[in-house]
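Okay, structure first, notes after.
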Amino acid sequence: MTTDSPHDPAVAFTAATKTYGAVRAVDGLDLTVRQGETVALLGRNGAGKSTAIGLLLGLDEPDSGRVAVFGTAPDRAVAAGRVGAMLQEARPVSRVTVRELVGFVARTYPSPMPVDEALALAGLTALAGRRVDRLSGGQTQRVRFAVALAGNPELIVLDEPTAALDVEARQEFWDSMRGYARRGNTVLFSTHYLEEADAHADRIVVLDSGRVLADGTGEELKRAAGGSLVSFDLAGGPTDWLGLLPGVTSFEVRGDRARLRTGDSDATVRALARRDAVRSLEVAPVSLNDAFLALTRPPHATARTPETAR
Ligand SMILES: Nc1ncnc2c1ncn2[C@@H]1O[C@H](COP(=O)(O)OP(=O)(O)OP(=O)(O)O)[C@@H](O)[C@H]1O
């Protein structure tokens, strides 16, 4: 039997596994989200993000392992209104106004958020009287956010909330989400957008094949992937020595240009200089995009990559 205390993590996966036929969608997942954190789940298509979210909302049960939300069973936490969710598929609702819809959902919870407060947090006050089937994509997404807020949850779970939104609608959406997080609430969102994970999450958890591949801040992920990129022209020379250079964690060769990922660019550059291999030399910090690609590179790739950020 689990207990429920303010010190319980908002979310705790313990060796959770969920299999569909031969596919291990979630594979021995260990992941803890503390109360008040904003965490991004980042991963390629099929990495297991939606399956993990389904488990933590109690929509599905793990085949083995455990999932707890605020120290209790996910379906109990959801029924108590402690968890709000925005999932990928939206059911169309017509003819009701924004205020009516949010009010209707709020009444199904034991201690809902006042409707005006949910509308204000979602940036919908001016649209409260509009029919929900007469809104733009960005406005519809904000209505879904207000619906997720209706039960006055302490945790909100968002599965790719900004997919298909333009830049302005995305910005408005994240402003609303931050307003909610600033109240001390917990947010877990999945995304394919690295910039979004870096800009809006305290912590990024990279999932691959249903497992945590890396877990840390954007800066930590960049460091784990090798802090800098050193590139230079090979001038037709061999490439077999590149991976042996000091600091180098992986490398690739495109045309005649070698690109080295290194955790110690000074040592790498000194070694290159000793070999007189500094033609068109460039040193640049690794981008989050490079870090993500290095971390999720398929196992058959030639480059050597770190296994985890922590
Ligand atoms: N209901 C299901 N039946 C069979 N296989 C499933 C089911 N749901 C998910 N899968 C498989 O489990 C794996 C993980 O899928 P999941 O949807 O969790 O990934 P995801 O990271 O959310 O992907 P995306 O970014 O495309 O939404 C995939 O290989 C998927 O095909």
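Residue names in the structure tokens use chain letters A, B, ... in the order shown, residue numbers from 1 in each chain, and ligand numbers from 1 in the order shown.
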
Open item on the list: Report as a PyMOL selection string all protein, DNA and RNA residues lying within 12 Å of Arg76 of chain A, evaluated on only C-alpha atoms, omitting residues in the same chain fewer than 5 positions from it.
Closed with: chain A and resi 2+4+56-59+67-71+81-83

- [ ] Return as JSON, numbers by chain the full set of residues in segment 65-287 of chain A whose backbone-based DSSP assignment is strand (DSSP E or B).
- [x] {"A": [65, 66, 67, 68, 69, 72, 83, 84, 85, 86, 97, 131, 155, 156, 157, 158, 159, 186, 187, 188, 189, 190, 191, 203, 204, 205, 206, 207, 208, 211, 212, 213, 214, 215, 216, 228, 229, 230, 231, 232, 233, 248, 249, 250, 251, 252, 253, 254, 257, 258, 259, 260, 261, 262, 282, 283, 284, 285]}

Could you write out the selected residues, including C-alpha atoms, as a PDB file, in the first residue's frame?
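Below is the file that was written, selection.pdb:
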ATOM      1  CA  GLY A  65       7.047  -2.857 -12.567  1.00  0.00           C
ATOM      2  CA  ARG A  66       5.124   0.005 -10.966  1.00  0.00           C
ATOM      3  CA  VAL A  67       3.857   3.467 -11.802  1.00  0.00           C
ATOM      4  CA  ALA A  68       2.814   5.832  -9.024  1.00  0.00           C
ATOM      5  CA  VAL A  69       1.471   9.382  -9.163  1.00  0.00           C
ATOM      6  CA  THR A  72      -0.796   6.545  -5.260  1.00  0.00           C
ATOM      7  CA  VAL A  83      -3.732  15.117 -12.726  1.00  0.00           C
ATOM      8  CA  GLY A  84      -4.834  16.936 -15.868  1.00  0.00           C
ATOM      9  CA  ALA A  85      -3.956  15.734 -19.345  1.00  0.00           C
ATOM     10  CA  MET A  86      -3.856  16.889 -22.918  1.00  0.00           C
ATOM     11  CA  THR A  97     -19.217  27.718 -25.715  1.00  0.00           C
ATOM     12  CA  ARG A 131     -18.432  28.286 -29.689  1.00  0.00           C
ATOM     13  CA  LEU A 155       0.316  17.739 -12.290  1.00  0.00           C
ATOM     14  CA  ILE A 156      -0.421  18.320 -15.925  1.00  0.00           C
ATOM     15  CA  VAL A 157       0.649  15.886 -18.635  1.00  0.00           C
ATOM     16  CA  LEU A 158       0.855  17.119 -22.212  1.00  0.00           C
ATOM     17  CA  ASP A 159       1.470  14.784 -25.150  1.00  0.00           C
ATOM     18  CA  THR A 186       4.370  19.886 -11.975  1.00  0.00           C
ATOM     19  CA  VAL A 187       4.418  19.627 -15.777  1.00  0.00           C
ATOM     20  CA  LEU A 188       5.440  16.656 -17.901  1.00  0.00           C
ATOM     21  CA  PHE A 189       5.295  17.160 -21.646  1.00  0.00           C
ATOM     22  CA  SER A 190       6.431  15.155 -24.645  1.00  0.00           C
ATOM     23  CA  THR A 191       7.860  16.816 -27.705  1.00  0.00           C
ATOM     24  CA  ARG A 203      15.012  18.854 -17.204  1.00  0.00           C
ATOM     25  CA  ILE A 204      15.033  16.797 -20.409  1.00  0.00           C
ATOM     26  CA  VAL A 205      14.561  13.034 -20.365  1.00  0.00           C
ATOM     27  CA  VAL A 206      15.550  11.403 -23.655  1.00  0.00           C
ATOM     28  CA  LEU A 207      13.644   8.182 -24.316  1.00  0.00           C
ATOM     29  CA  ASP A 208      14.734   5.595 -26.853  1.00  0.00           C
ATOM     30  CA  ARG A 211      14.234   3.391 -21.925  1.00  0.00           C
ATOM     31  CA  VAL A 212      15.841   6.499 -20.498  1.00  0.00           C
ATOM     32  CA  LEU A 213      18.845   7.227 -22.654  1.00  0.00           C
ATOM     33  CA  ALA A 214      19.790  10.510 -21.043  1.00  0.00           C
ATOM     34  CA  ASP A 215      18.437  12.676 -18.253  1.00  0.00           C
ATOM     35  CA  GLY A 216      19.583  16.188 -17.460  1.00  0.00           C
ATOM     36  CA  SER A 228      32.508  20.775 -28.780  1.00  0.00           C
ATOM     37  CA  LEU A 229      32.675  20.030 -32.463  1.00  0.00           C
ATOM     38  CA  VAL A 230      36.080  20.313 -34.130  1.00  0.00           C
ATOM     39  CA  SER A 231      36.094  20.154 -37.904  1.00  0.00           C
ATOM     40  CA  PHE A 232      38.871  20.391 -40.466  1.00  0.00           C
ATOM     41  CA  ASP A 233      39.717  19.402 -44.055  1.00  0.00           C
ATOM     42  CA  VAL A 248      37.192  12.617 -29.139  1.00  0.00           C
ATOM     43  CA  THR A 249      33.984  10.699 -28.384  1.00  0.00           C
ATOM     44  CA  SER A 250      32.753  10.248 -31.957  1.00  0.00           C
ATOM     45  CA  PHE A 251      33.473  11.466 -35.454  1.00  0.00           C
ATOM     46  CA  GLU A 252      32.067  11.536 -38.918  1.00  0.00           C
ATOM     47  CA  VAL A 253      33.506  12.303 -42.330  1.00  0.00           C
ATOM     48  CA  ARG A 254      31.446  14.148 -44.930  1.00  0.00           C
ATOM     49  CA  ARG A 257      35.596  17.287 -44.036  1.00  0.00           C
ATOM     50  CA  ALA A 258      36.125  15.537 -40.704  1.00  0.00           C
ATOM     51  CA  ARG A 259      33.809  16.465 -37.825  1.00  0.00           C
ATOM     52  CA  LEU A 260      34.994  15.390 -34.383  1.00  0.00           C
ATOM     53  CA  ARG A 261      32.859  15.500 -31.266  1.00  0.00           C
ATOM     54  CA  THR A 262      35.159  16.115 -28.323  1.00  0.00           C
ATOM     55  CA  GLU A 282      36.846  25.229 -36.832  1.00  0.00           C
ATOM     56  CA  VAL A 283      35.830  24.737 -33.200  1.00  0.00           C
ATOM     57  CA  ALA A 284      32.164  25.212 -32.193  1.00  0.00           C
ATOM     58  CA  PRO A 285      30.066  24.279 -29.181  1.00  0.00           C
TER      59      PRO A 285
END

Open item on the list: ligand 1: which residues are within 6 Å, counting only C-alpha atoms and all ligand atoms? Reply as a VMD selection string.
Closed with: chain A and resid 20 23 25 43 to 51

Task: Point-to-point distance in Å for atom CA of Asp175 of chain A and atom CA of Tyr193 of chain A - done: 16.7 Å

Open item on the list: Restricting the calculation to only C-alpha atoms: of A:Ala224, A:Val115, A:Leu272, A:Ala277, which residue gets closest to Gly237 of chain A?
Closed with: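 Closest to Gly237 of chain A, using only C-alpha atoms: A:Ala277.
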
Task: Point-to-point distance in Å for atom CA of Ala12 of chain A and atom CA of Pro62 of chain A - done: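 Computing the Euclidean distance for atom CA of Pro62 of chain A and atom CA of Ala12 of chain A yields 12.7 Å.
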
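Take atom CA of Thr217 of chain A and atom CA of Ala40 of chain A: the distance between them is 9.9 Å.
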
Open item on the list: Considering only helix (DSSP H, G or I) as DSSP defines it on the backbone, what residues of segment 50-250 of chain A qualify? List them as a ChimeraX atom specification.
Closed with: /A:50-56,74-79,98-106,115-121,125-127,132-134,137-149,167-182,194-200,218-224,242-244
